[in-house]
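Participant: Take a look at run.cif, mmCIF, C-alpha atoms and all ligand atoms:
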data_my_file
#
loop_
_atom_site.group_PDB
_atom_site.id
_atom_site.type_symbol
_atom_site.label_atom_id
_atom_site.label_comp_id
_atom_site.auth_asym_id
_atom_site.auth_seq_id
_atom_site.Cartn_x
_atom_site.Cartn_y
_atom_site.Cartn_z
ATOM 1 C CA MET A 4 0.000 0.000 0.000
ATOM 2 C CA ASN A 5 1.592 3.253 -1.086
ATOM 3 C CA PHE A 6 0.315 6.589 0.180
ATOM 4 C CA LYS A 7 3.369 8.691 -0.652
ATOM 5 C CA GLY A 8 2.470 11.849 -2.578
ATOM 6 C CA ARG A 9 -1.248 11.116 -2.411
ATOM 7 C CA ASP A 10 -3.986 13.746 -2.000
ATOM 8 C CA VAL A 11 -6.623 13.190 0.691
ATOM 9 C CA ILE A 12 -9.728 14.789 -0.799
ATOM 10 C CA SER A 13 -12.623 12.425 -0.108
ATOM 11 C CA ILE A 14 -13.026 9.258 1.931
ATOM 12 C CA LYS A 15 -14.469 7.752 -1.256
ATOM 13 C CA ASP A 16 -10.927 7.661 -2.666
ATOM 14 C CA PHE A 17 -10.009 5.091 0.027
ATOM 15 C CA SER A 18 -10.687 1.358 0.085
ATOM 16 C CA LYS A 19 -11.630 -0.369 3.327
ATOM 17 C CA GLU A 20 -8.121 -1.892 3.483
ATOM 18 C CA GLU A 21 -6.518 1.538 3.085
ATOM 19 C CA ILE A 22 -8.730 2.977 5.842
ATOM 20 C CA LEU A 23 -7.742 0.129 8.162
ATOM 21 C CA HIS A 24 -4.080 0.742 7.363
ATOM 22 C CA VAL A 25 -4.374 4.437 8.353
ATOM 23 C CA LEU A 26 -6.054 3.378 11.617
ATOM 24 C CA ASP A 27 -3.245 0.866 12.306
ATOM 25 C CA VAL A 28 -0.603 3.546 11.794
ATOM 26 C CA ALA A 29 -2.626 5.925 14.028
ATOM 27 C CA GLU A 30 -2.643 3.304 16.793
ATOM 28 C CA LYS A 31 1.169 3.184 16.639
ATOM 29 C CA MET A 32 1.297 6.978 16.857
ATOM 30 C CA LEU A 33 -0.572 7.096 20.194
ATOM 31 C CA PRO A 34 2.479 7.321 22.514
ATOM 32 C CA ILE A 35 3.875 10.197 20.395
ATOM 33 C CA ALA A 36 0.486 11.935 20.189
ATOM 34 C CA GLU A 37 0.198 11.792 23.972
ATOM 35 C CA GLY A 38 3.690 13.283 24.352
ATOM 36 C CA ARG A 39 5.056 10.150 26.079
ATOM 37 C CA LYS A 40 7.509 9.394 23.267
ATOM 38 C CA LYS A 41 9.541 11.832 21.133
ATOM 39 C CA SER A 42 9.792 11.593 17.372
ATOM 40 C CA GLU A 43 11.792 13.281 14.621
ATOM 41 C CA MET A 44 10.024 11.365 11.855
ATOM 42 C CA LEU A 45 9.084 14.480 9.861
ATOM 43 C CA ARG A 46 12.085 16.614 10.730
ATOM 44 C CA GLY A 47 12.856 18.976 7.854
ATOM 45 C CA SER A 48 9.308 18.754 6.420
ATOM 46 C CA ILE A 49 6.950 21.726 6.298
ATOM 47 C CA MET A 50 3.152 21.646 6.340
ATOM 48 C CA SER A 51 1.115 24.632 5.121
ATOM 49 C CA SER A 52 -2.169 25.035 6.911
ATOM 50 C CA LEU A 53 -4.464 27.213 4.802
ATOM 51 C CA PHE A 54 -7.775 27.865 6.546
ATOM 52 C CA PHE A 55 -10.261 29.946 4.581
ATOM 53 C CA GLU A 56 -12.967 29.038 7.141
ATOM 54 C CA PRO A 57 -13.021 28.936 10.960
ATOM 55 C CA SER A 58 -11.590 25.888 12.698
ATOM 56 C CA THR A 59 -10.356 24.898 16.141
ATOM 57 C CA ARG A 60 -9.805 21.135 16.219
ATOM 58 C CA THR A 61 -8.899 20.408 12.602
ATOM 59 C CA ARG A 62 -6.263 23.121 12.380
ATOM 60 C CA LEU A 63 -4.807 22.732 15.871
ATOM 61 C CA SER A 64 -4.668 18.934 15.747
ATOM 62 C CA PHE A 65 -3.010 18.981 12.300
ATOM 63 C CA GLU A 66 -0.446 21.474 13.575
ATOM 64 C CA ALA A 67 0.097 19.462 16.771
ATOM 65 C CA ALA A 68 0.452 16.280 14.695
ATOM 66 C CA MET A 69 3.115 17.847 12.471
ATOM 67 C CA LYS A 70 5.032 19.270 15.440
ATOM 68 C CA ARG A 71 4.829 16.061 17.493
ATOM 69 C CA LEU A 72 6.586 14.372 14.541
ATOM 70 C CA GLY A 73 9.349 16.987 14.482
ATOM 71 C CA GLY A 74 8.040 18.878 11.433
ATOM 72 C CA ASP A 75 7.315 22.571 10.935
ATOM 73 C CA VAL A 76 4.140 24.486 10.176
ATOM 74 C CA ILE A 77 3.384 27.668 8.240
ATOM 75 C CA GLY A 78 0.018 29.052 7.214
ATOM 76 C CA PHE A 79 -2.951 31.217 8.058
ATOM 77 C CA ALA A 80 -6.165 30.839 10.034
ATOM 78 C CA ARG A 81 -7.830 33.898 8.525
ATOM 79 C CA PRO A 82 -7.598 34.623 4.803
ATOM 80 C CA GLY A 83 -8.239 38.314 5.600
ATOM 81 C CA THR A 84 -4.583 38.669 6.622
ATOM 82 C CA THR A 85 -3.275 37.418 3.254
ATOM 83 C CA SER A 86 -3.176 38.623 -0.365
ATOM 84 C CA ILE A 87 -6.574 36.960 -0.890
ATOM 85 C CA GLN A 88 -7.813 40.216 0.624
ATOM 86 C CA LYS A 89 -6.220 42.024 -2.354
ATOM 87 C CA GLY A 90 -8.047 39.779 -4.829
ATOM 88 C CA GLU A 91 -5.504 36.994 -5.332
ATOM 89 C CA THR A 92 -7.120 33.788 -6.598
ATOM 90 C CA MET A 93 -7.118 30.524 -4.702
ATOM 91 C CA ALA A 94 -5.094 28.976 -7.544
ATOM 92 C CA ASP A 95 -2.292 31.527 -7.124
ATOM 93 C CA THR A 96 -2.377 31.179 -3.332
ATOM 94 C CA ILE A 97 -1.996 27.401 -3.633
ATOM 95 C CA ARG A 98 0.800 27.665 -6.245
ATOM 96 C CA THR A 99 2.700 30.002 -3.945
ATOM 97 C CA ALA A 100 2.137 28.017 -0.750
ATOM 98 C CA GLU A 101 3.255 24.776 -2.366
ATOM 99 C CA SER A 102 6.614 26.269 -3.256
ATOM 100 C CA TYR A 103 7.204 26.812 0.486
ATOM 101 C CA CYS A 104 6.175 23.394 1.819
ATOM 102 C CA ASP A 105 5.846 19.617 1.390
ATOM 103 C CA VAL A 106 2.141 19.170 2.138
ATOM 104 C CA ILE A 107 -0.895 21.468 2.231
ATOM 105 C CA VAL A 108 -3.866 21.124 4.567
ATOM 106 C CA MET A 109 -6.738 23.373 3.525
ATOM 107 C CA ARG A 110 -10.288 24.213 4.527
ATOM 108 C CA HIS A 111 -12.516 26.241 2.250
ATOM 109 C CA PRO A 112 -16.236 27.122 2.175
ATOM 110 C CA HIS A 113 -16.707 25.919 -1.426
ATOM 111 C CA GLU A 114 -17.514 22.308 -2.204
ATOM 112 C CA GLY A 115 -14.933 20.907 -4.612
ATOM 113 C CA SER A 116 -12.249 23.455 -3.636
ATOM 114 C CA ALA A 117 -9.783 20.855 -2.340
ATOM 115 C CA ARG A 118 -10.146 18.777 -5.508
ATOM 116 C CA MET A 119 -9.508 21.909 -7.558
ATOM 117 C CA ALA A 120 -6.440 22.827 -5.467
ATOM 118 C CA ALA A 121 -5.059 19.324 -6.027
ATOM 119 C CA GLU A 122 -5.120 20.013 -9.770
ATOM 120 C CA PHE A 123 -2.798 23.019 -9.343
ATOM 121 C CA ALA A 124 -0.503 21.579 -6.705
ATOM 122 C CA THR A 125 2.248 19.015 -6.993
ATOM 123 C CA VAL A 126 2.531 18.530 -3.216
ATOM 124 C CA PRO A 127 -0.201 16.448 -1.514
ATOM 125 C CA ILE A 128 -3.397 18.339 -0.654
ATOM 126 C CA ILE A 129 -5.298 17.244 2.439
ATOM 127 C CA ASN A 130 -8.911 18.397 2.595
ATOM 128 C CA GLY A 131 -9.773 19.796 6.030
ATOM 129 C CA GLY A 132 -13.391 20.360 4.933
ATOM 130 C CA ASP A 133 -14.821 21.775 1.697
ATOM 131 C CA GLY A 134 -18.176 23.455 2.297
ATOM 132 C CA ALA A 135 -20.948 20.917 2.784
ATOM 133 C CA GLY A 136 -18.889 18.417 0.774
ATOM 134 C CA HIS A 137 -16.363 16.189 2.548
ATOM 135 C CA HIS A 138 -14.246 15.950 5.648
ATOM 136 C CA PRO A 139 -12.137 12.820 5.140
ATOM 137 C CA THR A 140 -9.722 13.329 8.034
ATOM 138 C CA GLN A 141 -12.603 13.852 10.480
ATOM 139 C CA CYS A 142 -14.116 10.662 9.095
ATOM 140 C CA LEU A 143 -10.924 8.705 9.781
ATOM 141 C CA LEU A 144 -10.734 10.020 13.340
ATOM 142 C CA ASP A 145 -14.418 9.182 13.841
ATOM 143 C CA LEU A 146 -13.762 5.607 12.694
ATOM 144 C CA PHE A 147 -10.669 5.432 14.923
ATOM 145 C CA THR A 148 -12.792 6.616 17.868
ATOM 146 C CA ILE A 149 -15.473 3.974 17.260
ATOM 147 C CA GLN A 150 -12.791 1.299 16.987
ATOM 148 C CA ARG A 151 -11.053 2.386 20.195
ATOM 149 C CA GLU A 152 -14.226 2.902 22.202
ATOM 150 C CA LYS A 153 -16.247 -0.083 20.980
ATOM 151 C CA GLY A 154 -13.474 -2.547 20.054
ATOM 152 C CA SER A 155 -14.476 -2.678 16.371
ATOM 153 C CA ILE A 156 -16.301 -0.679 13.696
ATOM 154 C CA GLU A 157 -18.395 -3.614 12.475
ATOM 155 C CA GLY A 158 -21.356 -4.819 14.467
ATOM 156 C CA ASN A 159 -22.457 -1.434 15.813
ATOM 157 C CA ARG A 160 -25.761 0.286 15.206
ATOM 158 C CA VAL A 161 -25.034 3.968 14.587
ATOM 159 C CA ALA A 162 -27.508 6.857 14.809
ATOM 160 C CA LEU A 163 -26.554 10.098 13.031
ATOM 161 C CA LEU A 164 -28.541 13.001 14.451
ATOM 162 C CA GLY A 165 -28.967 16.651 13.485
ATOM 163 C CA ASP A 166 -28.037 18.477 10.310
ATOM 164 C CA LEU A 167 -27.495 15.637 7.847
ATOM 165 C CA LYS A 168 -28.087 17.897 4.842
ATOM 166 C CA TYR A 169 -25.267 20.406 5.288
ATOM 167 C CA GLY A 170 -23.019 18.461 7.685
ATOM 168 C CA ARG A 171 -19.928 17.338 5.771
ATOM 169 C CA THR A 172 -18.747 15.042 8.586
ATOM 170 C CA VAL A 173 -21.846 12.838 8.293
ATOM 171 C CA HIS A 174 -21.587 12.714 4.489
ATOM 172 C CA SER A 175 -18.110 11.224 4.804
ATOM 173 C CA LEU A 176 -18.876 9.040 7.840
ATOM 174 C CA SER A 177 -22.035 7.414 6.471
ATOM 175 C CA TYR A 178 -20.142 6.401 3.322
ATOM 176 C CA ALA A 179 -17.257 4.896 5.320
ATOM 177 C CA LEU A 180 -19.556 3.074 7.762
ATOM 178 C CA SER A 181 -21.294 1.530 4.755
ATOM 179 C CA LEU A 182 -17.969 -0.018 3.700
ATOM 180 C CA PHE A 183 -17.992 -1.759 7.078
ATOM 181 C CA GLY A 184 -21.589 -2.959 6.687
ATOM 182 C CA VAL A 185 -22.783 -0.893 9.652
ATOM 183 C CA ASP A 186 -26.539 -0.390 10.228
ATOM 184 C CA MET A 187 -27.467 3.287 10.454
ATOM 185 C CA VAL A 188 -30.426 5.398 11.405
ATOM 186 C CA PHE A 189 -30.515 8.956 10.040
ATOM 187 C CA ILE A 190 -32.427 11.238 12.435
ATOM 188 C CA ALA A 191 -33.214 14.762 11.185
ATOM 189 C CA PRO A 192 -36.163 17.022 10.443
ATOM 190 C CA PRO A 193 -37.314 16.360 6.837
ATOM 191 C CA GLU A 194 -35.658 19.558 5.541
ATOM 192 C CA LEU A 195 -32.277 18.506 6.971
ATOM 193 C CA GLN A 196 -32.320 14.821 6.036
ATOM 194 C CA MET A 197 -29.356 13.152 4.348
ATOM 195 C CA PRO A 198 -29.127 14.023 0.620
ATOM 196 C CA HIS A 199 -30.647 11.290 -1.588
ATOM 197 C CA GLU A 200 -27.412 10.672 -3.455
ATOM 198 C CA VAL A 201 -25.590 9.922 -0.178
ATOM 199 C CA VAL A 202 -28.340 7.499 0.937
ATOM 200 C CA GLU A 203 -28.283 5.773 -2.456
ATOM 201 C CA GLU A 204 -24.517 5.372 -2.379
ATOM 202 C CA CYS A 205 -24.644 3.890 1.133
ATOM 203 C CA GLU A 206 -27.361 1.459 0.105
ATOM 204 C CA GLU A 207 -25.415 0.451 -3.004
ATOM 205 C CA LEU A 208 -22.540 -0.437 -0.685
ATOM 206 C CA GLY A 209 -24.938 -2.704 1.205
ATOM 207 C CA ALA A 210 -25.730 -0.563 4.253
ATOM 208 C CA HIS A 211 -29.069 -1.008 5.960
ATOM 209 C CA ILE A 212 -30.495 2.482 6.538
ATOM 210 C CA SER A 213 -33.615 3.755 8.259
ATOM 211 C CA THR A 214 -34.709 7.343 8.784
ATOM 212 C CA ALA A 215 -36.560 9.094 11.610
ATOM 213 C CA THR A 216 -37.431 12.610 12.723
ATOM 214 C CA THR A 217 -37.129 12.017 16.474
ATOM 215 C CA LEU A 218 -34.661 10.164 18.642
ATOM 216 C CA GLU A 219 -36.415 6.918 19.543
ATOM 217 C CA GLY A 220 -35.243 3.381 20.244
ATOM 218 C CA LEU A 221 -32.116 4.636 21.989
ATOM 219 C CA GLU A 222 -31.832 1.275 23.759
ATOM 220 C CA ASP A 223 -30.775 -0.311 20.425
ATOM 221 C CA ILE A 224 -28.092 2.257 19.559
ATOM 222 C CA ASP A 225 -24.346 1.684 20.126
ATOM 223 C CA VAL A 226 -23.060 5.026 18.804
ATOM 224 C CA LEU A 227 -25.037 8.270 18.827
ATOM 225 C CA TYR A 228 -23.285 10.767 16.522
ATOM 226 C CA VAL A 229 -24.689 14.238 17.147
ATOM 227 C CA THR A 230 -24.077 17.198 14.806
ATOM 228 C CA ARG A 231 -24.488 20.946 14.923
ATOM 229 C CA ILE A 232 -27.068 22.657 12.714
ATOM 230 C CA GLN A 233 -24.730 24.283 10.145
ATOM 231 C CA LYS A 234 -25.996 27.853 10.447
ATOM 232 C CA GLU A 235 -23.422 29.249 7.995
ATOM 233 C CA ARG A 236 -24.672 27.005 5.150
ATOM 234 C CA PHE A 237 -28.329 28.087 5.241
ATOM 235 C CA PRO A 238 -29.248 30.331 2.317
ATOM 236 C CA ASP A 239 -32.098 31.841 4.348
ATOM 237 C CA PRO A 240 -31.746 32.792 8.064
ATOM 238 C CA GLU A 241 -35.490 32.204 8.563
ATOM 239 C CA GLU A 242 -35.007 28.608 7.526
ATOM 240 C CA TYR A 243 -32.258 28.271 10.154
ATOM 241 C CA ASN A 244 -34.440 29.799 12.860
ATOM 242 C CA ARG A 245 -37.107 27.168 12.197
ATOM 243 C CA VAL A 246 -34.737 24.274 12.973
ATOM 244 C CA ALA A 247 -32.249 25.818 15.445
ATOM 245 C CA GLY A 248 -32.343 24.001 18.777
ATOM 246 C CA ILE A 249 -34.568 21.221 17.428
ATOM 247 C CA TYR A 250 -32.576 18.465 19.195
ATOM 248 C CA ARG A 251 -30.971 18.604 22.582
ATOM 249 C CA ILE A 252 -29.444 15.604 24.317
ATOM 250 C CA ASP A 253 -29.139 15.765 28.077
ATOM 251 C CA ALA A 254 -28.296 13.280 30.824
ATOM 252 C CA HIS A 255 -31.997 12.502 31.222
ATOM 253 C CA THR A 256 -32.362 11.629 27.503
ATOM 254 C CA LEU A 257 -29.576 9.089 27.970
ATOM 255 C CA SER A 258 -31.262 7.247 30.849
ATOM 256 C CA GLU A 259 -32.710 4.855 28.232
ATOM 257 C CA ALA A 260 -29.320 4.195 26.583
ATOM 258 C CA LYS A 261 -27.373 0.917 26.604
ATOM 259 C CA GLU A 262 -24.578 0.774 29.133
ATOM 260 C CA GLY A 263 -21.729 1.014 26.611
ATOM 261 C CA MET A 264 -23.433 3.469 24.249
ATOM 262 C CA ILE A 265 -21.146 6.352 23.263
ATOM 263 C CA VAL A 266 -22.103 9.883 22.288
ATOM 264 C CA MET A 267 -19.859 11.381 19.617
ATOM 265 C CA HIS A 268 -19.849 14.898 18.138
ATOM 266 C CA PRO A 269 -17.280 16.395 15.746
ATOM 267 C CA LEU A 270 -17.609 19.639 17.764
ATOM 268 C CA PRO A 271 -18.154 22.550 18.093
ATOM 269 C CA ARG A 272 -21.414 21.921 19.903
ATOM 270 C CA VAL A 273 -23.799 24.822 20.232
ATOM 271 C CA ASN A 274 -26.681 23.487 22.302
ATOM 272 C CA GLU A 275 -27.225 19.963 20.942
ATOM 273 C CA ILE A 276 -25.518 18.321 23.905
ATOM 274 C CA SER A 277 -26.099 19.642 27.396
ATOM 275 C CA PRO A 278 -22.931 19.950 29.519
ATOM 276 C CA ASP A 279 -24.472 17.500 32.021
ATOM 277 C CA VAL A 280 -23.767 14.734 29.462
ATOM 278 C CA ASP A 281 -20.017 15.415 29.871
ATOM 279 C CA ARG A 282 -20.055 13.728 33.266
ATOM 280 C CA THR A 283 -21.779 10.566 32.035
ATOM 281 C CA PRO A 284 -19.760 7.533 30.864
ATOM 282 C CA HIS A 285 -21.399 7.972 27.447
ATOM 283 C CA ALA A 286 -19.535 11.176 26.545
ATOM 284 C CA ALA A 287 -16.780 10.335 24.034
ATOM 285 C CA TYR A 288 -16.515 13.665 22.179
ATOM 286 C CA PHE A 289 -13.430 15.091 23.885
ATOM 287 C CA ARG A 290 -11.553 11.804 23.462
ATOM 288 C CA GLN A 291 -12.742 11.932 19.831
ATOM 289 C CA ALA A 292 -11.221 15.426 19.464
ATOM 290 C CA PHE A 293 -7.898 14.130 20.843
ATOM 291 C CA ASN A 294 -7.968 11.249 18.342
ATOM 292 C CA GLY A 295 -7.511 13.832 15.601
ATOM 293 C CA VAL A 296 -3.837 14.021 16.563
ATOM 294 C CA PRO A 297 -2.753 10.358 16.075
ATOM 295 C CA VAL A 298 -4.927 10.001 12.955
ATOM 296 C CA ARG A 299 -3.499 13.165 11.359
ATOM 297 C CA MET A 300 0.021 12.069 12.347
ATOM 298 C CA ALA A 301 -0.651 8.824 10.486
ATOM 299 C CA LEU A 302 -1.885 10.662 7.382
ATOM 300 C CA LEU A 303 0.987 13.153 7.336
ATOM 301 C CA SER A 304 3.622 10.451 7.762
ATOM 302 C CA LEU A 305 2.005 8.319 5.043
ATOM 303 C CA VAL A 306 1.607 11.023 2.388
ATOM 304 C CA LEU A 307 5.120 12.318 3.121
ATOM 305 C CA GLY A 308 6.518 8.808 2.756
ATOM 306 C CA ALA A 309 8.030 8.642 6.256
ATOM 307 C CA THR A 310 8.205 5.298 7.998
ATOM 308 C CA ALA A 311 7.408 4.687 11.648
HETATM 309 C C1 LIG A 401 -16.918 20.064 11.860
HETATM 310 C C2 LIG A 401 -16.689 20.746 10.516
HETATM 311 O O1 LIG A 401 -15.932 21.714 10.424
HETATM 312 O O2 LIG A 401 -17.270 20.237 9.572
HETATM 313 N N1 LIG A 401 -15.974 20.385 12.827
HETATM 314 C C3 LIG A 401 -14.763 19.744 12.852
HETATM 315 O O3 LIG A 401 -14.032 19.728 11.892
HETATM 316 N N2 LIG A 401 -14.429 19.107 13.978
HETATM 317 C C4 LIG A 401 -18.321 20.151 12.344
HETATM 318 C C5 LIG A 401 -19.020 21.483 12.469
HETATM 319 O O4 LIG A 401 -18.467 22.533 12.169
HETATM 320 O O5 LIG A 401 -20.166 21.440 12.905
#
Could you write out this file's structure as structure tokens?
Facilitator:
Amino acid sequence: MNFKGRDVISIKDFSKEEILHVLDVAEKMLPIAEGRKKSEMLRGSIMSSLFFEPSTRTRLSFEAAMKRLGGDVIGFARPGTTSIQKGETMADTIRTAESYCDVIVMRHPHEGSARMAAEFATVPIINGGDGAGHHPTQCLLDLFTIQREKGSIEGNRVALLGDLKYGRTVHSLSYALSLFGVDMVFIAPPELQMPHEVVEECEELGAHISTATTLEGLEDIDVLYVTRIQKERFPDPEEYNRVAGIYRIDAHTLSEAKEGMIVMHPLPRVNEISPDVDRTPHAAYFRQAFNGVPVRMALLSLVLGATA
């Protein structure tokens, strides 16, 4: 399996075997990610982190991953501080950045932007989220979290709750879970249900999918994946106001849950998960956020051709 020089644009570009390989490498990275072991694996390599959209976890965990492996980081978190403000195109920004680094991680509000950047760049492009499109590295860390928390990806019943229309994390995750034959229930108000093409693709891969508008049958769920309503993607603020706050999970909601059921969330949460859930054994979302570091270390080392 050769990942050297490869772009990471969509989880659909990965086979199940390749996904499992990334997760295996991530497992080996854990002592370095936790700061218990030092590494110089990527010494002399530079990662550009180009964030055209807000981010906390994706950007910081990519930067931490690069630094934990001895590499360096350049980049921006706000395009307003760069020549984009003067009217420079994304193509020219990418062409310039690539001449300063060995790998580019980018996030952009437009769907398809990472794929387009990969056409201009000769260094690997890693998609840190393109509009409502894809979020492959979040998907890999979500799978890694399920594997670590539940012992395996297969055999779980997963509920995806919230904004399934605009949420890029659930577009990527539902596809990947289908590769593992996982049963899923998509819970959303009708106007925020999973796009038809995503459902069709999952079903073609053999996934068994049901849909619902309310969270019921919690006693049969192994993983509850909660998402934020993606306010910034709504064309009409009125439409957002109609669905804002529609779901809220609290400790009481979880009284029906199975003992080992985990609650995941890519974060940031707004009000979908009450802070009283944090103290329950179900809360896995902060461990999930940490898992971004070993998984992104694995991806960086693989695309840069470094060996563990
Ligand atoms: C998500 C994103 O940016 O898509 N956050 C993340 O990367 N952890 C989810 C969100 O913004 O709701």
Participant: Can you work out which residues are within 6 Å of ligand LIG 401 (chain A), considering all atoms listed in the file, and then hand them over as a list in words?
Facilitator: Arg60, Thr61, Arg171, Thr172, Arg231, Pro269, Leu270 and Pro271 of chain A
Participant: Tell me, as a list in words, which residues lie within 9 Å of region 155-163 of chain A, counting only C-alpha atoms; anything in the same chain fewer than 4 positions away does not count.
Facilitator: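 Here the qualifying residues turn out to be Leu146, Phe147, Ile149, Gln150, Arg151, Leu167, Val173, Ser177, Leu180, Phe183, Gly184, Val185, Asp186, Met187, Val188, Phe189, Ile190, Ala191, Leu218, Leu221, Asp223, Ile224, Asp225, Val226, Leu227, Tyr228, Val229 and Thr230 of chain A.
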Participant: List every protein, DNA or RNA residue that has at least one atom no more than 10 Å from (-6.6, 18.1, 4.4) in the file's coordinates, counting all atoms listed in the file, and write the result as an MDAnalysis selection string.
Facilitator: chainID A and resid 10:13 52:53 61:62 65 106:110 117 127:133 138:141 299 302:303
Participant: For C-alpha atoms, I'd like the residues from the last selection saved as a PDB file, in the frame of the given file.
Facilitator:
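Wrote it out as again_34.pdb, contents follow:
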ATOM      1  CA  ASP A  10      -3.986  13.746  -2.000  1.00  0.00           C
ATOM      2  CA  VAL A  11      -6.623  13.190   0.691  1.00  0.00           C
ATOM      3  CA  ILE A  12      -9.728  14.789  -0.799  1.00  0.00           C
ATOM      4  CA  SER A  13     -12.623  12.425  -0.108  1.00  0.00           C
ATOM      5  CA  SER A  52      -2.169  25.035   6.911  1.00  0.00           C
ATOM      6  CA  LEU A  53      -4.464  27.213   4.802  1.00  0.00           C
ATOM      7  CA  THR A  61      -8.899  20.408  12.602  1.00  0.00           C
ATOM      8  CA  ARG A  62      -6.263  23.121  12.380  1.00  0.00           C
ATOM      9  CA  PHE A  65      -3.010  18.981  12.300  1.00  0.00           C
ATOM     10  CA  VAL A 106       2.141  19.170   2.138  1.00  0.00           C
ATOM     11  CA  ILE A 107      -0.895  21.468   2.231  1.00  0.00           C
ATOM     12  CA  VAL A 108      -3.866  21.124   4.567  1.00  0.00           C
ATOM     13  CA  MET A 109      -6.738  23.373   3.525  1.00  0.00           C
ATOM     14  CA  ARG A 110     -10.288  24.213   4.527  1.00  0.00           C
ATOM     15  CA  ALA A 117      -9.783  20.855  -2.340  1.00  0.00           C
ATOM     16  CA  PRO A 127      -0.201  16.448  -1.514  1.00  0.00           C
ATOM     17  CA  ILE A 128      -3.397  18.339  -0.654  1.00  0.00           C
ATOM     18  CA  ILE A 129      -5.298  17.244   2.439  1.00  0.00           C
ATOM     19  CA  ASN A 130      -8.911  18.397   2.595  1.00  0.00           C
ATOM     20  CA  GLY A 131      -9.773  19.796   6.030  1.00  0.00           C
ATOM     21  CA  GLY A 132     -13.391  20.360   4.933  1.00  0.00           C
ATOM     22  CA  ASP A 133     -14.821  21.775   1.697  1.00  0.00           C
ATOM     23  CA  HIS A 138     -14.246  15.950   5.648  1.00  0.00           C
ATOM     24  CA  PRO A 139     -12.137  12.820   5.140  1.00  0.00           C
ATOM     25  CA  THR A 140      -9.722  13.329   8.034  1.00  0.00           C
ATOM     26  CA  GLN A 141     -12.603  13.852  10.480  1.00  0.00           C
ATOM     27  CA  ARG A 299      -3.499  13.165  11.359  1.00  0.00           C
ATOM     28  CA  LEU A 302      -1.885  10.662   7.382  1.00  0.00           C
ATOM     29  CA  LEU A 303       0.987  13.153   7.336  1.00  0.00           C
TER      30      LEU A 303
END
Participant: Can you measure CA of Ile22 (chain A) to CA of Ser175 (chain A) for me? One decimal in Å is fine.
Facilitator: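 Distance between the two atoms: 12.5 Å.
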Participant: Once the PyMOL selection byres (((chain A and resi 234-246) around 9) and not hetatm) has been applied to the shown file, what residues remain in the selection, as a list in words?
Facilitator: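 In the shown coordinates, the PyMOL selection byres (((chain A and resi 234-246) around 9) and not hetatm) covers Pro112, Gly134, Ala135, Tyr169, Pro192, Glu194, Leu195, Arg231, Ile232, Gln233, Ala247, Gly248, Ile249 and Tyr250 of chain A.
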Participant: Would you be able to write out as a ChimeraX atom specification which residues have an atom within 12 Å of (-33.1, 15.2, 28.0) in the file's coordinates, counting all atoms listed in the file?
Facilitator: /A:218,250-260,274-280
Participant: Would you compute the distance between CA of His174 (chain A) and CA of Lys7 (chain A)? Give it in Å to one decimal.
Facilitator: 25.8 Å
Participant: Just the number, please: distance in Å from CA of Met300 (chain A) to CA of Pro34 (chain A), one decimal.
Facilitator: 11.5 Å
Participant: Compare A:Ala124, A:Cys104, A:Ile77, A:Cys142 by their minimum atom-to-atom distance to Val298 (chain A), counting only C-alpha atoms, and give me the closest one.
Facilitator: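 Checking each of A:Ala124, A:Cys104, A:Ile77, A:Cys142 against Val298 (chain A), counting only C-alpha atoms, the winner is A:Cys142.
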Participant: For the provided coordinates, the residues matched by the PyMOL selection byres (((chain A and resi 80) around 8) and not hetatm) should be stated as a PDB file with C-alpha atoms, keeping the file's coordinate frame.
Facilitator:
ATOM      1  CA  SER A  52      -2.169  25.035   6.911  1.00  0.00           C
ATOM      2  CA  LEU A  53      -4.464  27.213   4.802  1.00  0.00           C
ATOM      3  CA  PHE A  54      -7.775  27.865   6.546  1.00  0.00           C
ATOM      4  CA  PHE A  55     -10.261  29.946   4.581  1.00  0.00           C
ATOM      5  CA  GLU A  56     -12.967  29.038   7.141  1.00  0.00           C
ATOM      6  CA  PRO A  57     -13.021  28.936  10.960  1.00  0.00           C
ATOM      7  CA  SER A  58     -11.590  25.888  12.698  1.00  0.00           C
ATOM      8  CA  GLY A  78       0.018  29.052   7.214  1.00  0.00           C
ATOM      9  CA  PHE A  79      -2.951  31.217   8.058  1.00  0.00           C
ATOM     10  CA  ARG A  81      -7.830  33.898   8.525  1.00  0.00           C
ATOM     11  CA  PRO A  82      -7.598  34.623   4.803  1.00  0.00           C
TER      12      PRO A  82
END
Participant: Residues near region 30-33 of chain A, anyone? I mean within 7 Å using only C-alpha atoms, not counting same-chain ones fewer than 2 positions away, as a list in words.
Facilitator: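 Near region 30-33 of chain A, the qualifying residues are Leu26, Asp27, Val28, Ile35, Ala36, Glu37, Pro297, Met300 and Ala301 of chain A.
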Participant: Between A:Ser304, A:Gln88, A:Thr214, A:Thr310, which one has atoms that come closest to Ser48 (chain A), using all atoms listed in the file?
Facilitator: A:Ser304
Participant: A:Ser86, A:Tyr103, A:His268, A:Ile14: which is nearest Ser51 (chain A), counting all atoms listed in the file?
Facilitator: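 Nearest to Ser51 (chain A): A:Tyr103.
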Participant: For the file shown, report as a list of chain:residue names the outcome of the PyMOL selection byres (((chain A and resi 49) around 6) and not hetatm) at residue level.
Facilitator: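 When the PyMOL selection byres (((chain A and resi 49) around 6) and not hetatm) is applied, the selected residues are A:Ser48, A:Met50, A:Gly74, A:Asp75, A:Val76, A:Cys104, A:Asp105.
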Participant: Would you place a box with edges along x, y and z of the file around all atoms of region 255-270 of chain A listed there, add 5 Å to each of its six sides, and report the centre and edge lengths in Å to one decimal, as lines of an AutoDock Vina configuration file?
Facilitator:
center_x = -25.0
center_y = 10.2
center_z = 23.5
size_x = 25.4
size_y = 28.9
size_z = 25.5
Participant: Between A:Ile212, A:Leu143, A:Ile97, A:Cys205, which one has atoms that come closest to Leu182 (chain A), using all atoms listed in the file?
Facilitator: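 Using all atoms listed in the file, Leu182 (chain A) sits closest to A:Cys205.
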